[in-house]
Amino acid sequence: RSIGVPDASVDRVLIVDTWHHISDRGIYAAGLARALRAGGMIAIVDFTLESPMGPPRMHRLAPEAVRGELESASLQPSVIDAGLPDQYIVKGISGAR
């Protein structure tokens, strides 16, 4: 799936509070991974399962699920403890090309 960005053309991608809306997230993540230059980073910020705000709970994703989607796209994912009260951050780093 094309995301409309040339391969190896971006250093950073930031997605805030919308990852749960994307259909076929694994395929989309693979497109993002192709768009990243070597060492580039994707950061996904989304609502925790427990947050009192955000989308309906049935639409929320655990950070481990997002981590798995980035990993399946050949990114090196990690969950970042940023101390946000209602959100989490998952980052994925592109390997060498």
# chains A, B, ... in the order shown; residues from 1 in each chain; ligands from 1
>>> residues_around(residues="Pro6 of chain A", least_positions_apart="4", cutoff="10 Å", atoms="only C-alpha atoms", output="number ranges by chain")
A: 2, 10, 31-32, 34-36
>>> write_last_selection(atoms="C-alpha atoms", output="compact mmCIF listing (two decimals), in the first residue's frame")
# COMPACT_ATOMS: atom_id res chain seq x y z
CA SER A 2 1.44 3.31 -1.03
CA VAL A 10 11.81 11.18 5.36
CA GLY A 31 4.69 1.77 3.79
CA LEU A 32 5.93 4.15 6.47
CA ARG A 34 9.80 2.20 3.24
CA ALA A 35 9.44 5.99 3.40
CA LEU A 36 12.00 6.29 6.22
>>> residues_around(residues="Trp19 of chain A", least_positions_apart="2", cutoff="9 Å", atoms="only C-alpha atoms", output="list of chain:residue names")
A:Ile15, A:Val16, A:Asp17, A:His21, A:Ile22, A:Ser23, A:Arg25, A:Ile44, A:Val45, A:Asp46, A:Leu61, A:Val66
>>> select_by_dssp(residues="segment 23-70 of chain A", states="strand (DSSP E or B)", output="VMD selection string")
chain A and resid 36 to 47
>>> write_last_selection(atoms="N, CA and C atoms", output="short mmCIF file (atom, residue, chain, number, x, y, z; two decimals), in the first residue's frame")
data_model
loop_
_atom_site.label_atom_id
_atom_site.label_comp_id
_atom_site.auth_asym_id
_atom_site.auth_seq_id
_atom_site.Cartn_x
_atom_site.Cartn_y
_atom_site.Cartn_z
N LEU A 36 10.95 5.81 5.32
CA LEU A 36 12.00 6.29 6.22
C LEU A 36 13.39 6.07 5.63
N ARG A 37 14.25 7.04 5.88
CA ARG A 37 15.67 6.86 5.59
C ARG A 37 16.26 5.94 6.66
N ALA A 38 17.43 5.39 6.40
CA ALA A 38 18.11 4.57 7.40
C ALA A 38 18.27 5.36 8.69
N GLY A 39 17.88 4.78 9.80
CA GLY A 39 17.96 5.46 11.09
C GLY A 39 16.80 6.39 11.37
N GLY A 40 15.84 6.46 10.45
CA GLY A 40 14.67 7.31 10.64
C GLY A 40 13.76 6.75 11.71
N MET A 41 12.83 7.57 12.17
CA MET A 41 11.99 7.17 13.29
C MET A 41 10.52 7.50 13.05
N ILE A 42 9.67 6.59 13.47
CA ILE A 42 8.23 6.81 13.55
C ILE A 42 7.90 6.90 15.03
N ALA A 43 7.12 7.90 15.42
CA ALA A 43 6.62 7.99 16.79
C ALA A 43 5.10 8.02 16.73
N ILE A 44 4.49 7.09 17.45
CA ILE A 44 3.04 6.99 17.50
C ILE A 44 2.59 7.29 18.92
N VAL A 45 1.75 8.29 19.06
CA VAL A 45 1.17 8.67 20.34
C VAL A 45 -0.31 8.33 20.27
N ASP A 46 -0.81 7.57 21.23
CA ASP A 46 -2.24 7.25 21.22
C ASP A 46 -2.72 7.06 22.65
N PHE A 47 -4.03 6.96 22.80
CA PHE A 47 -4.64 6.87 24.12
C PHE A 47 -4.44 5.50 24.76
#
>>> closest_residue(among="A:Ala33, A:Gly26, A:Thr48, A:Val5", to="Leu84 of chain A", atoms="only C-alpha atoms")
A:Thr48
>>> atom_distance(atom1="atom CA of Pro85 of chain A", atom2="atom CA of Ala29 of chain A")
25.6 Å
>>> select_by_dssp(residues="segment 2-97 of chain A", states="helix (DSSP H, G or I)", output="JSON, numbers by chain")
{"A": [19, 20, 21, 25, 26, 27, 28, 29, 30, 31, 32, 33, 34, 35, 57, 58, 59, 63, 64, 65, 66, 67, 68, 69, 70, 71, 72]}
>>> closest_residue(among="A:Leu14, A:Ser51, A:Pro56, A:Tyr28", to="Ile89 of chain A", atoms="only C-alpha atoms")
A:Leu14
>>> residues_around(residues="Leu70 of chain A", least_positions_apart="3", cutoff="8 Å", atoms="only C-alpha atoms", output="ChimeraX atom specification")
/A:26,29-30,66-67,73-77,92
